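Peer 1: The following block contains the structure, expressed as structure tokens.
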Amino acid sequence: MIEIITADITTLEVDAVVNAANRSLLGGGGVDGAIHRAAGPLLKDYCRTLKGCRTGEARISPGFELPARYVIHSVGPVWKGGDHYEPALLKACYQNSFEIALYNDVRSIAFPAISTGVYGYPKQPATEIAITCMLAYEDRFDRVITCCFSETDAGLYREVLAAQR
Ligand code: ADP
């Protein structure tokens, strides 16, 4: 079951929240900053031991002070016009996040709209990739949640989901 909600992802009581991280994994702006603030300083200490993450890959950490048990850090592509492997890299983010979640017995997982903030990925194609991947994995989880930060974004997700079902 894919759920589309509008919320601050740091408040969700799920097994894992996905973070739209950067390659250093040491925190940044947007959802990354919010997750690091809410999880507390131990998250950064832990992430230091991971020694970074390449674009399209995913790493897992404890959630520390978050209600979520884990944070799955995935590094989305920076939008550079669309002919720099951005679609394949964004798809890889979702797939690798799902795979690392399955490996860690995660039953409920929440995603932000990876790459659509500071990284500038246009929302429509990013949402299509997110929904395609979620439909491919939804049967292996109890809950797959898209956590939008605005009602406008949630509306787009609902449209794309309706079109793809
Ligand atoms: P990126 O660098 O991958 O583009 P951003 O954090 O800038 O990541 O933005 C990704 C998405 O996360 C955007 O749609 C933004 O509105 C959303 N976002 C920002 N803060 C939060 C939050 N606390 N909870 C959920 N989504 C958030």
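A note on labels: chains of the structure tokens are A, B, ... as shown, every chain counts residues from 1, and ligands are counted from 1 in their shown order.
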Distance limit 7 Å, reference ligand 1, atoms considered: only C-alpha atoms and all ligand atoms. Which residues make the cut? Give them as a list of chain:residue names.

Peer 2: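 Residues satisfying the distance criterion: A:Ala7, A:Asp8, A:Ile9, A:Thr10, A:Ala20, A:Ala21, A:Gly29, A:Gly30, A:Val31, A:Asp32, A:Ala34, A:Ile35, A:Gly76, A:Pro112, A:Ala113, A:Ile114, A:Ser115, A:Thr116, A:Gly117, A:Val118, A:Tyr119, A:Gly120, A:Cys147, A:Cys148, A:Phe149, A:Ser150.
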
Peer 1: Can those selected residues be exported to a file as a PDB file, in the first residue's frame so that it contains N, CA and C atoms?

Peer 2:
```pdb
ATOM      1  N   ALA A   7       3.675  15.948   5.598  1.00  0.00           N
ATOM      2  CA  ALA A   7       4.154  15.981   6.981  1.00  0.00           C
ATOM      3  C   ALA A   7       5.637  16.328   7.006  1.00  0.00           C
ATOM      4  N   ASP A   8       6.131  16.566   8.210  1.00  0.00           N
ATOM      5  CA  ASP A   8       7.568  16.669   8.449  1.00  0.00           C
ATOM      6  C   ASP A   8       8.057  15.238   8.685  1.00  0.00           C
ATOM      7  N   ILE A   9       8.927  14.766   7.834  1.00  0.00           N
ATOM      8  CA  ILE A   9       9.334  13.351   7.868  1.00  0.00           C
ATOM      9  C   ILE A   9       9.980  12.969   9.205  1.00  0.00           C
ATOM     10  N   THR A  10      10.510  13.951   9.911  1.00  0.00           N
ATOM     11  CA  THR A  10      11.187  13.643  11.184  1.00  0.00           C
ATOM     12  C   THR A  10      10.209  13.242  12.290  1.00  0.00           C
ATOM     13  N   ALA A  20      17.319  12.457   2.017  1.00  0.00           N
ATOM     14  CA  ALA A  20      17.936  12.950   0.779  1.00  0.00           C
ATOM     15  C   ALA A  20      19.261  13.598   1.179  1.00  0.00           C
ATOM     16  N   ALA A  21      20.281  12.767   1.266  1.00  0.00           N
ATOM     17  CA  ALA A  21      21.572  13.194   1.808  1.00  0.00           C
ATOM     18  C   ALA A  21      22.474  13.764   0.721  1.00  0.00           C
ATOM     19  N   GLY A  29      21.307  21.060   4.122  1.00  0.00           N
ATOM     20  CA  GLY A  29      20.067  21.816   4.283  1.00  0.00           C
ATOM     21  C   GLY A  29      18.860  20.928   4.038  1.00  0.00           C
ATOM     22  N   GLY A  30      17.699  21.540   3.924  1.00  0.00           N
ATOM     23  CA  GLY A  30      16.470  20.820   3.567  1.00  0.00           C
ATOM     24  C   GLY A  30      16.156  19.679   4.516  1.00  0.00           C
ATOM     25  N   VAL A  31      15.697  18.592   3.929  1.00  0.00           N
ATOM     26  CA  VAL A  31      15.272  17.453   4.738  1.00  0.00           C
ATOM     27  C   VAL A  31      16.460  16.846   5.488  1.00  0.00           C
ATOM     28  N   ASP A  32      17.633  16.908   4.891  1.00  0.00           N
ATOM     29  CA  ASP A  32      18.862  16.396   5.512  1.00  0.00           C
ATOM     30  C   ASP A  32      19.132  17.135   6.830  1.00  0.00           C
ATOM     31  N   ALA A  34      16.989  18.800   8.619  1.00  0.00           N
ATOM     32  CA  ALA A  34      15.902  18.527   9.567  1.00  0.00           C
ATOM     33  C   ALA A  34      16.111  17.176  10.243  1.00  0.00           C
ATOM     34  N   ILE A  35      16.513  16.177   9.465  1.00  0.00           N
ATOM     35  CA  ILE A  35      16.735  14.836  10.032  1.00  0.00           C
ATOM     36  C   ILE A  35      17.904  14.864  11.016  1.00  0.00           C
ATOM     37  N   GLY A  76      20.756  11.686  -3.926  1.00  0.00           N
ATOM     38  CA  GLY A  76      20.117  11.900  -5.216  1.00  0.00           C
ATOM     39  C   GLY A  76      21.029  12.661  -6.164  1.00  0.00           C
ATOM     40  N   PRO A 112      11.172  11.071   1.374  1.00  0.00           N
ATOM     41  CA  PRO A 112      10.923  12.446   0.914  1.00  0.00           C
ATOM     42  C   PRO A 112      11.051  12.450  -0.614  1.00  0.00           C
ATOM     43  N   ALA A 113      10.774  13.574  -1.220  1.00  0.00           N
ATOM     44  CA  ALA A 113      10.892  13.692  -2.685  1.00  0.00           C
ATOM     45  C   ALA A 113      12.359  13.989  -3.019  1.00  0.00           C
ATOM     46  N   ILE A 114      13.147  12.909  -3.113  1.00  0.00           N
ATOM     47  CA  ILE A 114      14.599  13.012  -3.294  1.00  0.00           C
ATOM     48  C   ILE A 114      14.940  13.862  -4.531  1.00  0.00           C
ATOM     49  N   SER A 115      15.894  14.732  -4.371  1.00  0.00           N
ATOM     50  CA  SER A 115      16.470  15.578  -5.448  1.00  0.00           C
ATOM     51  C   SER A 115      15.591  16.743  -5.900  1.00  0.00           C
ATOM     52  N   THR A 116      14.352  16.848  -5.389  1.00  0.00           N
ATOM     53  CA  THR A 116      13.456  17.874  -5.937  1.00  0.00           C
ATOM     54  C   THR A 116      13.545  19.211  -5.214  1.00  0.00           C
ATOM     55  N   GLY A 117      14.433  19.308  -4.219  1.00  0.00           N
ATOM     56  CA  GLY A 117      14.619  20.585  -3.532  1.00  0.00           C
ATOM     57  C   GLY A 117      15.826  21.305  -4.114  1.00  0.00           C
ATOM     58  N   VAL A 118      16.835  21.452  -3.290  1.00  0.00           N
ATOM     59  CA  VAL A 118      18.060  22.164  -3.692  1.00  0.00           C
ATOM     60  C   VAL A 118      18.699  21.529  -4.934  1.00  0.00           C
ATOM     61  N   TYR A 119      18.554  20.208  -5.101  1.00  0.00           N
ATOM     62  CA  TYR A 119      19.194  19.527  -6.229  1.00  0.00           C
ATOM     63  C   TYR A 119      18.476  19.754  -7.563  1.00  0.00           C
ATOM     64  N   GLY A 120      17.283  20.370  -7.509  1.00  0.00           N
ATOM     65  CA  GLY A 120      16.671  20.931  -8.719  1.00  0.00           C
ATOM     66  C   GLY A 120      16.056  19.975  -9.725  1.00  0.00           C
ATOM     67  N   CYS A 147       6.360  11.034   1.871  1.00  0.00           N
ATOM     68  CA  CYS A 147       6.141  12.135   2.806  1.00  0.00           C
ATOM     69  C   CYS A 147       6.434  13.453   2.107  1.00  0.00           C
ATOM     70  N   CYS A 148       5.368  14.106   1.635  1.00  0.00           N
ATOM     71  CA  CYS A 148       5.527  15.380   0.937  1.00  0.00           C
ATOM     72  C   CYS A 148       5.620  16.503   1.956  1.00  0.00           C
ATOM     73  N   PHE A 149       6.190  17.602   1.495  1.00  0.00           N
ATOM     74  CA  PHE A 149       6.351  18.749   2.397  1.00  0.00           C
ATOM     75  C   PHE A 149       5.338  19.834   2.086  1.00  0.00           C
ATOM     76  N   SER A 150       4.547  19.628   1.023  1.00  0.00           N
ATOM     77  CA  SER A 150       3.483  20.584   0.711  1.00  0.00           C
ATOM     78  C   SER A 150       2.315  19.825   0.103  1.00  0.00           C
TER      79      SER A 150
END
```

Peer 1: Please list as a VMD selection string every residue within 7 Å of range 88-91 of chain A, counting only C-alpha atoms and excluding residues in the same chain fewer than 5 positions away.

Peer 2: chain A and resid 55 to 56 76 to 77 129

Peer 1: Using only C-alpha atoms, pick whichever of A:Leu42, A:Leu25, A:Ile109, A:Val17 has the shortest atom-to-atom distance to Phe64 in chain A.

Peer 2: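 Of A:Leu42, A:Leu25, A:Ile109, A:Val17, the one nearest Phe64 in chain A, counting only C-alpha atoms, is A:Leu42.
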
Peer 1: Identify all residues of range 98-146 of chain A in alpha helix (DSSP H) (DSSP on the backbone) and supply them as a ChimeraX atom specification.

Peer 2: /A:98-103,123-137

Peer 1: With distances taken over only C-alpha atoms, which of A:Thr146, A:Pro62, A:Leu43, A:Lys51 is nearest to Tyr94 in chain A?

Peer 2: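 Closest candidate: A:Thr146.
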
Peer 1: If we count only C-alpha atoms and set the cut-off at 10 Å, which residues sit around Tyr157 in chain A, ignoring sequence neighbours fewer than 4 positions away in its own chain? Please answer as a PyMOL selection string.

Peer 2: chain A and resi 3-5+113+123-124+126-128+130-131+146-148+151-153+161-163

Peer 1: In Å to one decimal, how far is CA of Val144 in chain A from CA of Glu13 in chain A?

Peer 2: 12.5 Å

Peer 1: Please list as a list of chain:residue names every residue within 9 Å of Val14 in chain A, counting only C-alpha atoms and excluding residues in the same chain fewer than 4 positions away.

Peer 2: A:Pro67, A:Ala68, A:Arg69, A:Tyr70, A:Val106, A:Arg107, A:Ser108, A:Ile109, A:Ala110, A:Arg143

Peer 1: I need the residues from that last selection saved to file as a PDB file, in the first residue's frame (with C-alpha atoms), if you can.

Peer 2:
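Final output, result.pdb:
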```pdb
ATOM      1  CA  PRO A  67      10.837   8.091  16.327  1.00  0.00           C
ATOM      2  CA  ALA A  68      12.076   6.058  13.321  1.00  0.00           C
ATOM      3  CA  ARG A  69      14.346   3.102  14.118  1.00  0.00           C
ATOM      4  CA  TYR A  70      16.587   3.713  11.098  1.00  0.00           C
ATOM      5  CA  VAL A 106      12.176  -2.828   7.662  1.00  0.00           C
ATOM      6  CA  ARG A 107       8.398  -3.202   7.309  1.00  0.00           C
ATOM      7  CA  SER A 108       7.448   0.489   7.061  1.00  0.00           C
ATOM      8  CA  ILE A 109       9.425   3.111   5.151  1.00  0.00           C
ATOM      9  CA  ALA A 110       8.893   6.795   4.372  1.00  0.00           C
ATOM     10  CA  ARG A 143       3.682   0.561   4.577  1.00  0.00           C
TER      11      ARG A 143
END
```

Peer 1: With only C-alpha atoms as the atoms that count, which of A:Leu50, A:Val160, A:Leu12, A:Val71 lies nearest to Thr132 in chain A?

Peer 2: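 Selected residue with least distance to Thr132 in chain A: A:Val160.
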
Peer 1: Considering only C-alpha atoms, state which residue in the set A:Cys133, A:Ala154, A:Val18, A:Ala101 is at the smallest distance from Ser74 in chain A.

Peer 2: A:Val18

Peer 1: Report the distance between CA of Ala39 in chain A and CA of Leu102 in chain A in Å, rounded to one decimal place.

Peer 2: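 Between CA of Ala39 in chain A and CA of Leu102 in chain A the gap is 22.1 Å.
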
Peer 1: List every residue of range 7-157 of chain A that DSSP, applied to the backbone of this structure, places in strand (DSSP E or B), and write the result as JSON, numbers by chain.

Peer 2: {"A": [16, 17, 18, 19, 20, 21, 58, 59, 60, 61, 62, 70, 71, 72, 73, 74, 75, 108, 109, 110, 111, 143, 144, 145, 146, 147, 148]}

Peer 1: Ranking A:Arg165, A:Ile2, A:Trp79, A:Tyr46 by minimum distance to Ile60 in chain A and counting only C-alpha atoms, which one comes first?

Peer 2: A:Tyr46

Peer 1: For Glu57 in chain A, please output as a list of chain:residue names all residues within 8 Å (counting only C-alpha atoms; exclusion window: fewer than 3 positions along the same chain).

Peer 2: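 Counting only the stated atoms, we get A:Cys53, A:Arg54, A:Ser74, A:Val75, A:Ala92, A:Cys93, A:Asn96, A:Ser97.
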
Peer 1: Can I get the selection written as an mmCIF file, in the first residue's frame, with N, CA and C atoms?

Peer 2:
```cif
data_model
loop_
_atom_site.group_PDB
_atom_site.id
_atom_site.type_symbol
_atom_site.label_atom_id
_atom_site.label_comp_id
_atom_site.auth_asym_id
_atom_site.auth_seq_id
_atom_site.Cartn_x
_atom_site.Cartn_y
_atom_site.Cartn_z
ATOM 1 N N CYS A 53 28.995 8.476 0.637
ATOM 2 C CA CYS A 53 28.097 7.628 -0.159
ATOM 3 C C CYS A 53 28.065 8.199 -1.566
ATOM 4 N N ARG A 54 28.159 7.323 -2.564
ATOM 5 C CA ARG A 54 28.110 7.828 -3.939
ATOM 6 C C ARG A 54 26.680 8.129 -4.375
ATOM 7 N N SER A 74 20.282 8.344 1.261
ATOM 8 C CA SER A 74 20.513 8.118 -0.164
ATOM 9 C C SER A 74 20.857 9.449 -0.817
ATOM 10 N N VAL A 75 21.780 9.405 -1.741
ATOM 11 C CA VAL A 75 22.263 10.631 -2.378
ATOM 12 C C VAL A 75 21.659 10.736 -3.768
ATOM 13 N N ALA A 92 17.949 4.559 -9.014
ATOM 14 C CA ALA A 92 18.859 3.783 -8.165
ATOM 15 C C ALA A 92 18.705 4.166 -6.691
ATOM 16 N N CYS A 93 18.471 5.433 -6.421
ATOM 17 C CA CYS A 93 18.251 5.871 -5.026
ATOM 18 C C CYS A 93 17.090 5.127 -4.399
ATOM 19 N N ASN A 96 17.915 1.204 -4.268
ATOM 20 C CA ASN A 96 18.914 0.864 -3.254
ATOM 21 C C ASN A 96 18.391 1.119 -1.846
ATOM 22 N N SER A 97 17.553 2.137 -1.679
ATOM 23 C CA SER A 97 16.936 2.381 -0.371
ATOM 24 C C SER A 97 16.000 1.231 -0.002
#
```
